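The structure appears right after this line, and notes come after that.
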Amino acid sequence: MSLVELGRFPRNEAHIVVGRLEAEGIPAITFDGGASIADGSWLLIPVRVMVDDEDLAEAERIIAA
């Protein structure tokens with residue numbers, strides 16, 4: 001088991017995606033959510049949503065729906 005990238009999303013959307021996946025029983029986490037907060041560009045940097053490699057196909061199906 002290892003983490004793989006599901007996709008890159010705007011900050012708020014990434015947290016919505018994580019919530020949706022977790023509601024379906026798929027653990028997910030965000031990476032880079034706090035990047036460049038000090039200089040004010042944090043809204044411009046995409047946030048990566050990561051899932052377990054075994055959950056990737058199901059997570060992609062949920063996000064596509």
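Convention: chains lettered A, B, ... in structure tokens order; per-chain residue numbering from 1; ligands numbered from 1 as shown.
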
Backbone DSSP call of strand (DSSP E or B) for chain A, listed as number ranges by chain: A: 3-9, 28-31, 47-52

Those same residues - N, CA and C atoms - I'd like them written as a short mmCIF file (atom, residue, chain, number, x, y, z; two decimals), in the first residue's frame.
```
data_model
loop_
_atom_site.label_atom_id
_atom_site.label_comp_id
_atom_site.auth_asym_id
_atom_site.auth_seq_id
_atom_site.Cartn_x
_atom_site.Cartn_y
_atom_site.Cartn_z
N LEU A 3 0.68 5.72 -1.15
CA LEU A 3 -0.16 6.83 -1.58
C LEU A 3 0.13 7.18 -3.04
N VAL A 4 -0.93 7.48 -3.78
CA VAL A 4 -0.82 7.94 -5.15
C VAL A 4 -1.67 9.20 -5.30
N GLU A 5 -1.34 9.99 -6.29
CA GLU A 5 -2.07 11.24 -6.51
C GLU A 5 -3.34 10.99 -7.30
N LEU A 6 -4.46 11.39 -6.73
CA LEU A 6 -5.74 11.32 -7.43
C LEU A 6 -5.88 12.50 -8.38
N GLY A 7 -5.43 13.66 -7.94
CA GLY A 7 -5.51 14.85 -8.78
C GLY A 7 -5.08 16.08 -8.02
N ARG A 8 -5.04 17.20 -8.75
CA ARG A 8 -4.70 18.50 -8.15
C ARG A 8 -5.90 19.40 -8.32
N PHE A 9 -6.27 20.06 -7.22
CA PHE A 9 -7.50 20.84 -7.18
C PHE A 9 -7.24 22.17 -6.49
N ALA A 28 -8.50 9.62 2.43
CA ALA A 28 -7.80 10.54 1.54
C ALA A 28 -7.14 11.63 2.36
N ILE A 29 -6.12 12.23 1.79
CA ILE A 29 -5.38 13.29 2.47
C ILE A 29 -4.95 14.32 1.43
N THR A 30 -4.75 15.55 1.89
CA THR A 30 -4.26 16.59 0.99
C THR A 30 -2.79 16.87 1.27
N PHE A 31 -2.06 17.17 0.22
CA PHE A 31 -0.66 17.61 0.31
C PHE A 31 -0.58 19.01 -0.29
N VAL A 47 -3.68 21.95 -4.76
CA VAL A 47 -3.51 21.02 -3.64
C VAL A 47 -3.68 19.60 -4.18
N ARG A 48 -2.74 18.73 -3.84
CA ARG A 48 -2.82 17.34 -4.29
C ARG A 48 -3.70 16.54 -3.34
N VAL A 49 -4.60 15.75 -3.91
CA VAL A 49 -5.40 14.81 -3.14
C VAL A 49 -4.79 13.43 -3.36
N MET A 50 -4.44 12.80 -2.25
CA MET A 50 -3.75 11.51 -2.28
C MET A 50 -4.65 10.42 -1.70
N VAL A 51 -4.61 9.25 -2.33
CA VAL A 51 -5.34 8.08 -1.84
C VAL A 51 -4.41 6.87 -1.91
N ASP A 52 -4.81 5.80 -1.25
CA ASP A 52 -4.06 4.56 -1.33
C ASP A 52 -4.14 4.03 -2.76
#
```

I'd like the neighbourhood of Arg11 in chain A as JSON, numbers by chain, where a residue qualifies if any of its atoms comes within 8 Å (using only C-alpha atoms), though same-chain residues fewer than 4 positions away should be ignored. {"A": [15, 33, 43, 45, 46, 47]}

Who sits within 10 Å of Ile26 in chain A, only C-alpha atoms, same chain under 5 positions skipped, as a list in words: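 My reading of the contact set: Val18, Gly19, Arg20, Leu21, Val51, Asp52, Glu54, Asp55, Leu56, Glu58 and Ala59 of chain A.
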
If you keep C-alpha atoms, can you produce a file of those selected residues as a PDB file, in the first residue's frame?
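Written output follows (part-v3.pdb):
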```
ATOM      1  CA  VAL A  18     -11.478  14.507   0.486  1.00  0.00           C
ATOM      2  CA  GLY A  19     -14.786  14.774   2.348  1.00  0.00           C
ATOM      3  CA  ARG A  20     -16.667  13.083  -0.492  1.00  0.00           C
ATOM      4  CA  LEU A  21     -14.177  10.229  -0.666  1.00  0.00           C
ATOM      5  CA  VAL A  51      -5.344   8.078  -1.844  1.00  0.00           C
ATOM      6  CA  ASP A  52      -4.060   4.563  -1.326  1.00  0.00           C
ATOM      7  CA  GLU A  54      -5.603   0.185  -4.016  1.00  0.00           C
ATOM      8  CA  ASP A  55      -8.402   2.793  -3.798  1.00  0.00           C
ATOM      9  CA  LEU A  56      -7.391   4.833  -6.849  1.00  0.00           C
ATOM     10  CA  GLU A  58     -12.793   3.643  -7.075  1.00  0.00           C
ATOM     11  CA  ALA A  59     -11.813   7.192  -6.100  1.00  0.00           C
TER      12      ALA A  59
END
```

DSSP says alpha helix (DSSP H) for which residues of chain A? Put them as a count of residues only? 22

Pick out the closest residue to Ile62 in chain A from this set: A:Ala23, A:Pro10, A:Leu44, A:Asp32. Count only C-alpha atoms. A:Ala23
